[in-house]
Protein chains: 2
Amino acid sequence: MTLANTPQPVSAQTMVALVLEGTHPRIDTQFPKPIPGPGEALLQVRQAGVCNTDLELVKGYMGFSGILGHEFVATVTECSDAPHWVGKRVCADINAACELAVSPDECHTCGHPHHCPNRTVIGIDRHHGAFAQYLVAPIRNLYEVPDSVSDQAAVFTEPLAAAFEIAEQISIKRSETIVVLGDGKLGILIAQVMRLHCDTVWLLGRHAGKLAMVKHQAIQGPKVQTALSSVWENDPSKMKKVDIVIEATGSASGLVQAMNLVKPRGTIVLKSTVAISNEVNLAPIVIDEITLLGSRCGPFDKALTALAAKQVAVEPLIVSAYPLVQAEEALAQANTKGTLKILLNEFS
Amino acid sequence: MTLANTPQPVSAQTMVALVLEGTHPRIDTQFPKPIPGPGEALLQVRQAGVCNTDLELVKGYMGFSGILGHEFVATVTECSDAPHWVGKRVCADINAACELAVSPDECHTCGHPHHCPNRTVIGIDRHHGAFAQYLVAPIRNLYEVPDSVSDQAAVFTEPLAAAFEIAEQISIKRSETIVVLGDGKLGILIAQVMRLHCDTVWLLGRHAGKLAMVKHQAIQGPKVQTALSSVWENDPSKMKKVDIVIEATGSASGLVQAMNLVKPRGTIVLKSTVAISNEVNLAPIVIDEITLLGSRCGPFDKALTALAAKQVAVEPLIVSAYPLVQAEEALAQANTKGTLKILLNEFS
């Protein structure tokens, strides 16, 4: 277990890392290289992705201090407890359940490693992340990346797994209508996963440019249609008709729009951790007997299988890539309104 | 269909009624007695109950104008389309679906009469209610009251049906723990219905007097335990342990407490239409993958069956009863903090 706020073993060697202290992310070229503990592997990072959660962490979310980064693909360089992993290209589930857990499918405390009350979370909560040359992860969290999946695609495993989580939580009928609110990175991934389960998916967004990209990259197709949110907001015929609305805008107004669109006894899936700062009337939830379902991390195996089968297009989401030493600039670009995925792709 | 805001047939006869205009409820002794239309029955009210929703309507909720009252038992006095109802003692489902509906179980528009987009609601939305000597209701909404159920008990059919709705919406295992937040009328009914489905029910409230009544009336027992909310709020061992939390406090703080108590992947049932007026952080819904389920009106048949079988004690909730002509005083007492059920019991 590697806890950022408790003493941990480090070697005399150092490495380059993007370290967050308070609300200040900065490159440290002399950060101690970690040493894996029992049940852990040492991973050499190949590529990493910047997530909106990273930007929230910089603003103070979770009170995290340490190395950022939870979307990554890496090579196992040390793994004394399971040497067959060494040399393999892997992703890792970011939820590190407590030591009572014996496998990702079995946990003595709660049965759900993703909800272990004692868990640390790589790059998010008391566990150093992947914006560094090396990180450690529990061996039981590792997933081998198939050869057919490129590094650039494998970086998307974690957010794609979060998209697959929705289908783990609710049953979806092919004949139902799904609306995904938000044309950001997560919304575009979710729309593509939903089309595997449902024949009518609408992706609503506020950025004509992103929607044009979705169309240009043939993500839009027979099962995925796009529209500007504002068009639907001003069309009374769209109100209270949708079976499942998935809120991935990251703003409180998304929940209000979701309540307007979902049909009575329908389902709203919340994918972003929004604070409601204005008065929000939850009466429609009760009157229309709506199910509001929170959804977070998901199954890495299903995400990797979909990437290997080319069922989901992820590389069109990449806007640009930076070497690790320019991670501060990468975060700054990611923070620019309307930016899709920024990668870190040189770690040596 | 009887719409308060559209012309409706009335006889030359008049009746006593409690009429809400704007935010002013007043007794009118010359209100026109209604005439049932096609598919409707004329009901003579026997007893009626004051609900918190009535108090909200007086404050402006729903913008309702007309005769208040949606909890009642009555005798059918006219029913030309189905004369066998005449003379029977009945309750009526308050959701009057549009004319396309052919029975409570079948609706051409949406399949759910309770969610018909064109519905009126007795005593709540464009349909005169039961704080009057007479009202009309759709014949298909009528439920005969078994002889073994007293008038005083039958008045509780509507809120008791709302309590039964929860078990219609979610599957409940006997081994699960349910916490009901709120020791008001609805919370006490819900706790009693939940004990029919589950062996461990906690009723948490802020009123020692109400909780003492629950204990004195033997509603508390092997399956229903009570505690002051404040005791649980200050006990860290109670956090994130509960399978199902049912929010029936009618205040926004109830949702916050529910999020604190429910376990990861657990369920919160919202029974009251609360506006969230302060900043509420919904992040726990996402992080803990909680299901938040709105729940409103329920099955009258199951409520009447439970009353006939004496499975639920309702009469201990009655604080006092007033004649219809003193309905303004009845509302005033119902509006006094900590008051349980107020009835109207003399309509002649």
# chains A, B, ... in the order shown; residues from 1 in each chain; ligands from 1

$ residues_around --residues "segment 50-61 of chain B" --least-positions-apart "2" --cutoff "6 Å" --atoms "only C-alpha atoms" --output "number ranges by chain"
B: 23, 63, 342

$ residues_around --residues "Arg265 of chain A" --least-positions-apart "2" --cutoff "7 Å" --atoms "only C-alpha atoms" --output "list of chain:residue names"
A:Lys263, A:Thr267, A:Asp288, A:Glu289, A:Ile290, A:Thr291

$ write_last_selection --atoms "C-alpha atoms" --output "tab-separated table (two decimals), in the first residue's frame"
chain	number	residue	atom	x	y	z
A	263	LYS	CA	-39.82	10.32	-18.89
A	267	THR	CA	-33.59	6.82	-15.21
A	288	ASP	CA	-42.24	11.55	-11.82
A	289	GLU	CA	-40.75	8.72	-9.71
A	290	ILE	CA	-37.40	9.08	-11.43
A	291	THR	CA	-34.42	6.89	-10.58

$ interface_residues --of "chain B" --to "chain A" --cutoff "10 Å" --atoms "only C-alpha atoms" --output "ChimeraX atom specification"
/B:110,112,114-117,169,240,252,263-265,267-297

$ write_last_selection --atoms "C-alpha atoms" --output "PDB file, in the first residue's frame"
ATOM      1  CA  CYS B 110     -48.212   5.839 -21.053  1.00  0.00           C
ATOM      2  CA  HIS B 112     -49.119   4.362 -15.939  1.00  0.00           C
ATOM      3  CA  HIS B 114     -50.390   7.788 -12.037  1.00  0.00           C
ATOM      4  CA  HIS B 115     -48.071   9.385 -14.605  1.00  0.00           C
ATOM      5  CA  CYS B 116     -50.598  10.326 -17.286  1.00  0.00           C
ATOM      6  CA  PRO B 117     -49.305  13.665 -18.604  1.00  0.00           C
ATOM      7  CA  GLN B 169     -40.537   0.004  -6.907  1.00  0.00           C
ATOM      8  CA  LYS B 240     -22.502   4.327   5.270  1.00  0.00           C
ATOM      9  CA  ALA B 252     -33.562  19.257   2.533  1.00  0.00           C
ATOM     10  CA  LYS B 263     -23.986   2.281   2.197  1.00  0.00           C
ATOM     11  CA  PRO B 264     -22.112   2.345  -1.119  1.00  0.00           C
ATOM     12  CA  ARG B 265     -24.399   1.038  -3.882  1.00  0.00           C
ATOM     13  CA  THR B 267     -30.703   3.053  -2.170  1.00  0.00           C
ATOM     14  CA  ILE B 268     -32.267   6.310  -0.980  1.00  0.00           C
ATOM     15  CA  VAL B 269     -36.015   6.642  -1.501  1.00  0.00           C
ATOM     16  CA  LEU B 270     -37.294  10.227  -1.644  1.00  0.00           C
ATOM     17  CA  LYS B 271     -40.905  10.546  -0.468  1.00  0.00           C
ATOM     18  CA  SER B 272     -41.147  14.296   0.008  1.00  0.00           C
ATOM     19  CA  THR B 273     -40.932  16.991  -2.652  1.00  0.00           C
ATOM     20  CA  VAL B 274     -38.176  19.081  -1.143  1.00  0.00           C
ATOM     21  CA  ALA B 275     -36.478  22.033  -2.738  1.00  0.00           C
ATOM     22  CA  ILE B 276     -32.767  22.189  -2.048  1.00  0.00           C
ATOM     23  CA  SER B 277     -32.152  25.768  -1.106  1.00  0.00           C
ATOM     24  CA  ASN B 278     -28.624  25.549   0.201  1.00  0.00           C
ATOM     25  CA  GLU B 279     -25.595  24.181  -1.558  1.00  0.00           C
ATOM     26  CA  VAL B 280     -25.984  20.432  -1.609  1.00  0.00           C
ATOM     27  CA  ASN B 281     -23.047  18.352  -2.711  1.00  0.00           C
ATOM     28  CA  LEU B 282     -24.347  15.424  -4.753  1.00  0.00           C
ATOM     29  CA  ALA B 283     -20.820  14.000  -5.191  1.00  0.00           C
ATOM     30  CA  PRO B 284     -21.535  11.172  -2.701  1.00  0.00           C
ATOM     31  CA  ILE B 285     -24.291   9.936  -5.048  1.00  0.00           C
ATOM     32  CA  VAL B 286     -21.663   9.429  -7.765  1.00  0.00           C
ATOM     33  CA  ILE B 287     -18.704   8.318  -5.635  1.00  0.00           C
ATOM     34  CA  ASP B 288     -20.758   5.766  -3.706  1.00  0.00           C
ATOM     35  CA  GLU B 289     -22.885   4.844  -6.755  1.00  0.00           C
ATOM     36  CA  ILE B 290     -26.074   5.434  -4.781  1.00  0.00           C
ATOM     37  CA  THR B 291     -29.525   4.964  -6.295  1.00  0.00           C
ATOM     38  CA  LEU B 292     -31.826   7.884  -5.477  1.00  0.00           C
ATOM     39  CA  LEU B 293     -35.416   6.920  -6.221  1.00  0.00           C
ATOM     40  CA  GLY B 294     -38.424   9.206  -6.216  1.00  0.00           C
ATOM     41  CA  SER B 295     -41.644   7.660  -4.925  1.00  0.00           C
ATOM     42  CA  ARG B 296     -45.162   9.081  -4.951  1.00  0.00           C
ATOM     43  CA  CYS B 297     -48.648   7.569  -5.066  1.00  0.00           C
TER      44      CYS B 297
END

$ residues_around --residues "Leu181 of chain A" --least-positions-apart "5" --cutoff "7 Å" --atoms "only C-alpha atoms" --output "PDB file with C-alpha atoms, in the first residue's frame"
ATOM      1  CA  GLY A 187     -19.808  11.950 -23.020  1.00  0.00           C
ATOM      2  CA  LEU A 203     -25.403  12.944 -27.840  1.00  0.00           C
ATOM      3  CA  LEU A 204     -26.315  16.507 -26.843  1.00  0.00           C
ATOM      4  CA  GLY A 205     -23.627  19.130 -26.434  1.00  0.00           C
ATOM      5  CA  ILE A 246     -26.848  10.163 -18.797  1.00  0.00           C
ATOM      6  CA  GLU A 247     -25.494  13.382 -17.254  1.00  0.00           C
ATOM      7  CA  ALA A 248     -21.856  13.892 -18.266  1.00  0.00           C
ATOM      8  CA  THR A 249     -21.692  17.673 -18.551  1.00  0.00           C
ATOM      9  CA  GLY A 254     -27.035  19.192 -16.607  1.00  0.00           C
TER      10      GLY A 254
END

$ residues_around --residues "Val16 of chain B" --least-positions-apart "6" --cutoff "6 Å" --atoms "only C-alpha atoms" --output "compact mmCIF listing (two decimals) with C-alpha atoms, in the first residue's frame"
# COMPACT_ATOMS: atom_id res chain seq x y z
CA ASP B 28 -67.98 28.53 1.54
CA THR B 29 -71.48 27.42 2.56
CA ALA B 132 -66.64 19.37 1.05
CA GLN B 133 -69.92 17.56 1.44

$ residues_around --residues "segment 220-233 of chain A" --least-positions-apart "6" --cutoff "12 Å" --atoms "only C-alpha atoms" --output "PDB file with N, CA, C and O atoms, in the first residue's frame"
ATOM      1  N   ARG A 174     -32.714  -2.661 -26.169  1.00  0.00           N
ATOM      2  CA  ARG A 174     -32.336  -2.146 -27.497  1.00  0.00           C
ATOM      3  C   ARG A 174     -33.307  -1.067 -27.986  1.00  0.00           C
ATOM      4  O   ARG A 174     -32.929  -0.152 -28.705  1.00  0.00           O
ATOM      5  N   SER A 175     -34.570  -1.207 -27.593  1.00  0.00           N
ATOM      6  CA  SER A 175     -35.609  -0.311 -28.120  1.00  0.00           C
ATOM      7  C   SER A 175     -35.691   1.007 -27.365  1.00  0.00           C
ATOM      8  O   SER A 175     -36.418   1.912 -27.770  1.00  0.00           O
ATOM      9  N   GLU A 176     -34.956   1.132 -26.277  1.00  0.00           N
ATOM     10  CA  GLU A 176     -35.046   2.358 -25.480  1.00  0.00           C
ATOM     11  C   GLU A 176     -34.267   3.495 -26.142  1.00  0.00           C
ATOM     12  O   GLU A 176     -33.412   3.274 -26.999  1.00  0.00           O
ATOM     13  N   THR A 177     -34.598   4.710 -25.720  1.00  0.00           N
ATOM     14  CA  THR A 177     -33.869   5.893 -26.174  1.00  0.00           C
ATOM     15  C   THR A 177     -32.971   6.383 -25.045  1.00  0.00           C
ATOM     16  O   THR A 177     -33.422   6.549 -23.919  1.00  0.00           O
ATOM     17  N   ILE A 178     -31.708   6.599 -25.393  1.00  0.00           N
ATOM     18  CA  ILE A 178     -30.741   7.119 -24.422  1.00  0.00           C
ATOM     19  C   ILE A 178     -30.274   8.483 -24.898  1.00  0.00           C
ATOM     20  O   ILE A 178     -29.949   8.665 -26.075  1.00  0.00           O
ATOM     21  N   VAL A 179     -30.263   9.454 -23.992  1.00  0.00           N
ATOM     22  CA  VAL A 179     -29.663  10.756 -24.278  1.00  0.00           C
ATOM     23  C   VAL A 179     -28.442  10.927 -23.380  1.00  0.00           C
ATOM     24  O   VAL A 179     -28.530  10.740 -22.165  1.00  0.00           O
ATOM     25  N   VAL A 180     -27.303  11.233 -24.006  1.00  0.00           N
ATOM     26  CA  VAL A 180     -26.092  11.546 -23.258  1.00  0.00           C
ATOM     27  C   VAL A 180     -25.929  13.058 -23.281  1.00  0.00           C
ATOM     28  O   VAL A 180     -25.859  13.658 -24.356  1.00  0.00           O
ATOM     29  N   LEU A 181     -25.895  13.673 -22.100  1.00  0.00           N
ATOM     30  CA  LEU A 181     -25.718  15.125 -22.000  1.00  0.00           C
ATOM     31  C   LEU A 181     -24.233  15.423 -21.809  1.00  0.00           C
ATOM     32  O   LEU A 181     -23.630  14.974 -20.825  1.00  0.00           O
ATOM     33  N   GLY A 182     -23.659  16.191 -22.744  1.00  0.00           N
ATOM     34  CA  GLY A 182     -22.246  16.553 -22.609  1.00  0.00           C
ATOM     35  C   GLY A 182     -21.421  15.989 -23.743  1.00  0.00           C
ATOM     36  O   GLY A 182     -21.349  14.767 -23.910  1.00  0.00           O
ATOM     37  N   ASP A 183     -20.809  16.877 -24.528  1.00  0.00           N
ATOM     38  CA  ASP A 183     -19.998  16.432 -25.666  1.00  0.00           C
ATOM     39  C   ASP A 183     -18.508  16.479 -25.332  1.00  0.00           C
ATOM     40  O   ASP A 183     -17.661  16.626 -26.209  1.00  0.00           O
ATOM     41  N   GLY A 187     -18.542  12.070 -22.302  1.00  0.00           N
ATOM     42  CA  GLY A 187     -19.808  11.950 -23.020  1.00  0.00           C
ATOM     43  C   GLY A 187     -19.648  11.212 -24.341  1.00  0.00           C
ATOM     44  O   GLY A 187     -20.477  10.367 -24.701  1.00  0.00           O
ATOM     45  N   ILE A 188     -18.572  11.511 -25.058  1.00  0.00           N
ATOM     46  CA  ILE A 188     -18.351  10.867 -26.366  1.00  0.00           C
ATOM     47  C   ILE A 188     -18.042   9.376 -26.182  1.00  0.00           C
ATOM     48  O   ILE A 188     -18.505   8.535 -26.960  1.00  0.00           O
ATOM     49  N   LEU A 189     -17.302   9.035 -25.140  1.00  0.00           N
ATOM     50  CA  LEU A 189     -17.049   7.607 -24.860  1.00  0.00           C
ATOM     51  C   LEU A 189     -18.346   6.904 -24.471  1.00  0.00           C
ATOM     52  O   LEU A 189     -18.639   5.794 -24.934  1.00  0.00           O
ATOM     53  N   ILE A 190     -19.131   7.558 -23.613  1.00  0.00           N
ATOM     54  CA  ILE A 190     -20.379   6.935 -23.150  1.00  0.00           C
ATOM     55  C   ILE A 190     -21.322   6.682 -24.324  1.00  0.00           C
ATOM     56  O   ILE A 190     -21.930   5.610 -24.428  1.00  0.00           O
ATOM     57  N   ALA A 191     -21.438   7.661 -25.221  1.00  0.00           N
ATOM     58  CA  ALA A 191     -22.343   7.482 -26.374  1.00  0.00           C
ATOM     59  C   ALA A 191     -21.937   6.249 -27.183  1.00  0.00           C
ATOM     60  O   ALA A 191     -22.788   5.484 -27.653  1.00  0.00           O
ATOM     61  N   GLN A 192     -20.634   6.061 -27.337  1.00  0.00           N
ATOM     62  CA  GLN A 192     -20.173   4.917 -28.125  1.00  0.00           C
ATOM     63  C   GLN A 192     -20.423   3.585 -27.415  1.00  0.00           C
ATOM     64  O   GLN A 192     -20.712   2.574 -28.055  1.00  0.00           O
ATOM     65  N   VAL A 193     -20.297   3.575 -26.091  1.00  0.00           N
ATOM     66  CA  VAL A 193     -20.572   2.342 -25.349  1.00  0.00           C
ATOM     67  C   VAL A 193     -22.070   2.058 -25.349  1.00  0.00           C
ATOM     68  O   VAL A 193     -22.503   0.912 -25.506  1.00  0.00           O
ATOM     69  N   MET A 194     -22.862   3.110 -25.235  1.00  0.00           N
ATOM     70  CA  MET A 194     -24.313   2.910 -25.187  1.00  0.00           C
ATOM     71  C   MET A 194     -24.839   2.343 -26.503  1.00  0.00           C
ATOM     72  O   MET A 194     -25.790   1.569 -26.510  1.00  0.00           O
ATOM     73  N   ARG A 195     -24.194   2.712 -27.627  1.00  0.00           N
ATOM     74  CA  ARG A 195     -24.697   2.181 -28.908  1.00  0.00           C
ATOM     75  C   ARG A 195     -24.464   0.676 -29.015  1.00  0.00           C
ATOM     76  O   ARG A 195     -25.064   0.015 -29.869  1.00  0.00           O
ATOM     77  N   LEU A 196     -23.620   0.115 -28.162  1.00  0.00           N
ATOM     78  CA  LEU A 196     -23.455  -1.340 -28.137  1.00  0.00           C
ATOM     79  C   LEU A 196     -24.661  -2.013 -27.483  1.00  0.00           C
ATOM     80  O   LEU A 196     -24.876  -3.210 -27.660  1.00  0.00           O
ATOM     81  N   HIS A 197     -25.435  -1.243 -26.729  1.00  0.00           N
ATOM     82  CA  HIS A 197     -26.558  -1.797 -25.966  1.00  0.00           C
ATOM     83  C   HIS A 197     -27.912  -1.321 -26.454  1.00  0.00           C
ATOM     84  O   HIS A 197     -28.937  -1.865 -26.061  1.00  0.00           O
ATOM     85  N   CYS A 198     -27.949  -0.295 -27.277  1.00  0.00           N
ATOM     86  CA  CYS A 198     -29.198   0.403 -27.566  1.00  0.00           C
ATOM     87  C   CYS A 198     -29.110   0.979 -28.979  1.00  0.00           C
ATOM     88  O   CYS A 198     -28.036   1.411 -29.416  1.00  0.00           O
ATOM     89  N   ASP A 199     -30.229   0.992 -29.704  1.00  0.00           N
ATOM     90  CA  ASP A 199     -30.207   1.420 -31.106  1.00  0.00           C
ATOM     91  C   ASP A 199     -30.453   2.905 -31.302  1.00  0.00           C
ATOM     92  O   ASP A 199     -30.314   3.405 -32.425  1.00  0.00           O
ATOM     93  N   THR A 200     -30.845   3.614 -30.245  1.00  0.00           N
ATOM     94  CA  THR A 200     -31.147   5.039 -30.387  1.00  0.00           C
ATOM     95  C   THR A 200     -30.444   5.831 -29.293  1.00  0.00           C
ATOM     96  O   THR A 200     -30.912   5.902 -28.157  1.00  0.00           O
ATOM     97  N   VAL A 201     -29.302   6.401 -29.658  1.00  0.00           N
ATOM     98  CA  VAL A 201     -28.504   7.186 -28.718  1.00  0.00           C
ATOM     99  C   VAL A 201     -28.368   8.605 -29.272  1.00  0.00           C
ATOM    100  O   VAL A 201     -27.982   8.789 -30.428  1.00  0.00           O
ATOM    101  N   TRP A 202     -28.703   9.588 -28.447  1.00  0.00           N
ATOM    102  CA  TRP A 202     -28.506  10.993 -28.805  1.00  0.00           C
ATOM    103  C   TRP A 202     -27.398  11.567 -27.924  1.00  0.00           C
ATOM    104  O   TRP A 202     -27.425  11.401 -26.710  1.00  0.00           O
ATOM    105  N   LEU A 203     -26.456  12.233 -28.573  1.00  0.00           N
ATOM    106  CA  LEU A 203     -25.403  12.944 -27.840  1.00  0.00           C
ATOM    107  C   LEU A 203     -25.690  14.431 -27.972  1.00  0.00           C
ATOM    108  O   LEU A 203     -25.661  14.983 -29.078  1.00  0.00           O
ATOM    109  N   LEU A 204     -26.010  15.077 -26.829  1.00  0.00           N
ATOM    110  CA  LEU A 204     -26.315  16.507 -26.843  1.00  0.00           C
ATOM    111  C   LEU A 204     -25.145  17.285 -26.246  1.00  0.00           C
ATOM    112  O   LEU A 204     -24.649  16.932 -25.168  1.00  0.00           O
ATOM    113  N   GLY A 205     -24.737  18.339 -26.941  1.00  0.00           N
ATOM    114  CA  GLY A 205     -23.627  19.130 -26.434  1.00  0.00           C
ATOM    115  C   GLY A 205     -23.795  20.602 -26.736  1.00  0.00           C
ATOM    116  O   GLY A 205     -24.737  21.009 -27.429  1.00  0.00           O
ATOM    117  N   ARG A 206     -22.862  21.380 -26.222  1.00  0.00           N
ATOM    118  CA  ARG A 206     -22.920  22.830 -26.397  1.00  0.00           C
ATOM    119  C   ARG A 206     -21.832  23.324 -27.343  1.00  0.00           C
ATOM    120  O   ARG A 206     -21.692  24.532 -27.542  1.00  0.00           O
ATOM    121  N   HIS A 207     -21.046  22.398 -27.912  1.00  0.00           N
ATOM    122  CA  HIS A 207     -19.896  22.801 -28.728  1.00  0.00           C
ATOM    123  C   HIS A 207     -20.052  22.255 -30.147  1.00  0.00           C
ATOM    124  O   HIS A 207     -19.853  21.057 -30.380  1.00  0.00           O
ATOM    125  N   ALA A 208     -20.402  23.153 -31.075  1.00  0.00           N
ATOM    126  CA  ALA A 208     -20.596  22.721 -32.468  1.00  0.00           C
ATOM    127  C   ALA A 208     -19.341  22.042 -33.007  1.00  0.00           C
ATOM    128  O   ALA A 208     -19.420  21.076 -33.785  1.00  0.00           O
ATOM    129  N   GLY A 209     -18.164  22.510 -32.591  1.00  0.00           N
ATOM    130  CA  GLY A 209     -16.920  21.930 -33.071  1.00  0.00           C
ATOM    131  C   GLY A 209     -16.750  20.479 -32.655  1.00  0.00           C
ATOM    132  O   GLY A 209     -16.368  19.621 -33.461  1.00  0.00           O
ATOM    133  N   LYS A 210     -17.052  20.201 -31.389  1.00  0.00           N
ATOM    134  CA  LYS A 210     -16.922  18.813 -30.919  1.00  0.00           C
ATOM    135  C   LYS A 210     -17.934  17.908 -31.612  1.00  0.00           C
ATOM    136  O   LYS A 210     -17.625  16.781 -32.004  1.00  0.00           O
ATOM    137  N   LEU A 211     -19.150  18.423 -31.768  1.00  0.00           N
ATOM    138  CA  LEU A 211     -20.179  17.614 -32.434  1.00  0.00           C
ATOM    139  C   LEU A 211     -19.793  17.355 -33.887  1.00  0.00           C
ATOM    140  O   LEU A 211     -20.046  16.270 -34.425  1.00  0.00           O
ATOM    141  N   ALA A 212     -19.154  18.345 -34.526  1.00  0.00           N
ATOM    142  CA  ALA A 212     -18.688  18.156 -35.906  1.00  0.00           C
ATOM    143  C   ALA A 212     -17.608  17.080 -35.959  1.00  0.00           C
ATOM    144  O   ALA A 212     -17.570  16.260 -36.889  1.00  0.00           O
ATOM    145  N   MET A 213     -16.733  17.064 -34.959  1.00  0.00           N
ATOM    146  CA  MET A 213     -15.704  16.023 -34.900  1.00  0.00           C
ATOM    147  C   MET A 213     -16.350  14.648 -34.772  1.00  0.00           C
ATOM    148  O   MET A 213     -15.959  13.690 -35.449  1.00  0.00           O
ATOM    149  N   VAL A 214     -17.354  14.565 -33.907  1.00  0.00           N
ATOM    150  CA  VAL A 214     -18.053  13.292 -33.715  1.00  0.00           C
ATOM    151  C   VAL A 214     -18.638  12.810 -35.043  1.00  0.00           C
ATOM    152  O   VAL A 214     -18.579  11.629 -35.380  1.00  0.00           O
ATOM    153  N   MET A 239     -39.648  17.048 -24.211  1.00  0.00           N
ATOM    154  CA  MET A 239     -39.707  16.964 -22.753  1.00  0.00           C
ATOM    155  C   MET A 239     -40.331  15.647 -22.276  1.00  0.00           C
ATOM    156  O   MET A 239     -41.302  15.179 -22.842  1.00  0.00           O
ATOM    157  N   LYS A 240     -39.756  15.073 -21.247  1.00  0.00           N
ATOM    158  CA  LYS A 240     -40.318  13.898 -20.555  1.00  0.00           C
ATOM    159  C   LYS A 240     -40.592  12.733 -21.500  1.00  0.00           C
ATOM    160  O   LYS A 240     -41.633  12.070 -21.393  1.00  0.00           O
ATOM    161  N   LYS A 241     -39.666  12.501 -22.427  1.00  0.00           N
ATOM    162  CA  LYS A 241     -39.860  11.397 -23.376  1.00  0.00           C
ATOM    163  C   LYS A 241     -38.753  10.341 -23.301  1.00  0.00           C
ATOM    164  O   LYS A 241     -38.915   9.245 -23.836  1.00  0.00           O
ATOM    165  N   VAL A 242     -37.631  10.663 -22.674  1.00  0.00           N
ATOM    166  CA  VAL A 242     -36.432   9.831 -22.806  1.00  0.00           C
ATOM    167  C   VAL A 242     -36.384   8.756 -21.708  1.00  0.00           C
ATOM    168  O   VAL A 242     -36.630   9.035 -20.539  1.00  0.00           O
ATOM    169  N   THR A 249     -22.112  16.315 -18.232  1.00  0.00           N
ATOM    170  CA  THR A 249     -21.692  17.673 -18.551  1.00  0.00           C
ATOM    171  C   THR A 249     -20.724  18.224 -17.504  1.00  0.00           C
ATOM    172  O   THR A 249     -19.952  19.131 -17.791  1.00  0.00           O
ATOM    173  N   SER A 253     -26.340  22.473 -14.175  1.00  0.00           N
ATOM    174  CA  SER A 253     -27.457  22.658 -15.106  1.00  0.00           C
ATOM    175  C   SER A 253     -27.778  21.362 -15.850  1.00  0.00           C
ATOM    176  O   SER A 253     -28.888  21.170 -16.333  1.00  0.00           O
ATOM    177  N   GLY A 254     -26.796  20.472 -15.942  1.00  0.00           N
ATOM    178  CA  GLY A 254     -27.035  19.192 -16.607  1.00  0.00           C
ATOM    179  C   GLY A 254     -28.102  18.377 -15.905  1.00  0.00           C
ATOM    180  O   GLY A 254     -28.937  17.740 -16.544  1.00  0.00           O
ATOM    181  N   VAL A 256     -30.595  19.536 -14.134  1.00  0.00           N
ATOM    182  CA  VAL A 256     -31.895  20.159 -14.403  1.00  0.00           C
ATOM    183  C   VAL A 256     -32.389  19.750 -15.794  1.00  0.00           C
ATOM    184  O   VAL A 256     -33.551  19.361 -15.969  1.00  0.00           O
ATOM    185  N   GLN A 257     -31.493  19.800 -16.793  1.00  0.00           N
ATOM    186  CA  GLN A 257     -31.914  19.395 -18.143  1.00  0.00           C
ATOM    187  C   GLN A 257     -32.297  17.913 -18.166  1.00  0.00           C
ATOM    188  O   GLN A 257     -33.268  17.518 -18.823  1.00  0.00           O
ATOM    189  N   ALA A 258     -31.560  17.101 -17.423  1.00  0.00           N
ATOM    190  CA  ALA A 258     -31.882  15.669 -17.376  1.00  0.00           C
ATOM    191  C   ALA A 258     -33.278  15.445 -16.811  1.00  0.00           C
ATOM    192  O   ALA A 258     -34.048  14.629 -17.330  1.00  0.00           O
ATOM    193  N   MET A 259     -33.629  16.198 -15.748  1.00  0.00           N
ATOM    194  CA  MET A 259     -34.970  16.048 -15.157  1.00  0.00           C
ATOM    195  C   MET A 259     -36.050  16.489 -16.141  1.00  0.00           C
ATOM    196  O   MET A 259     -37.155  15.959 -16.144  1.00  0.00           O
ATOM    197  N   ASN A 260     -35.725  17.464 -16.994  1.00  0.00           N
ATOM    198  CA  ASN A 260     -36.697  17.915 -17.992  1.00  0.00           C
ATOM    199  C   ASN A 260     -36.903  16.873 -19.098  1.00  0.00           C
ATOM    200  O   ASN A 260     -37.997  16.757 -19.647  1.00  0.00           O
ATOM    201  N   LEU A 261     -35.860  16.142 -19.437  1.00  0.00           N
ATOM    202  CA  LEU A 261     -35.927  15.235 -20.585  1.00  0.00           C
ATOM    203  C   LEU A 261     -36.447  13.844 -20.231  1.00  0.00           C
ATOM    204  O   LEU A 261     -37.099  13.192 -21.045  1.00  0.00           O
ATOM    205  N   VAL A 312     -14.942   0.917 -30.193  1.00  0.00           N
ATOM    206  CA  VAL A 312     -15.010   2.300 -29.718  1.00  0.00           C
ATOM    207  C   VAL A 312     -13.816   3.064 -30.290  1.00  0.00           C
ATOM    208  O   VAL A 312     -12.682   2.587 -30.219  1.00  0.00           O
ATOM    209  N   ALA A 313     -14.082   4.226 -30.868  1.00  0.00           N
ATOM    210  CA  ALA A 313     -13.001   5.076 -31.403  1.00  0.00           C
ATOM    211  C   ALA A 313     -12.562   6.048 -30.322  1.00  0.00           C
ATOM    212  O   ALA A 313     -13.366   6.856 -29.850  1.00  0.00           O
TER     213      ALA A 313
END

$ atom_distance --atom1 "atom CA of Leu331 of chain B" --atom2 "atom CA of Glu71 of chain B"
13.8 Å

$ atom_distance --atom1 "atom CA of Gly66 of chain A" --atom2 "atom CA of Arg126 of chain A"
7.6 Å

$ select_by_dssp --residues "segment 105-345 of chain A" --states "strand (DSSP E or B)" --output "PyMOL selection string"
chain A and resi 106+120-121+125+132+134-138+142-144+177-181+200-205+224-228+242-247+262-270+275-276+280-281+291-294+318-323+341-345

$ residues_around --residues "Tyr143 of chain B" --least-positions-apart "3" --cutoff "12 Å" --atoms "only C-alpha atoms" --output "ChimeraX atom specification"
/B:72-76,85,88-94,104,137-140,146,154,157-158,299-305
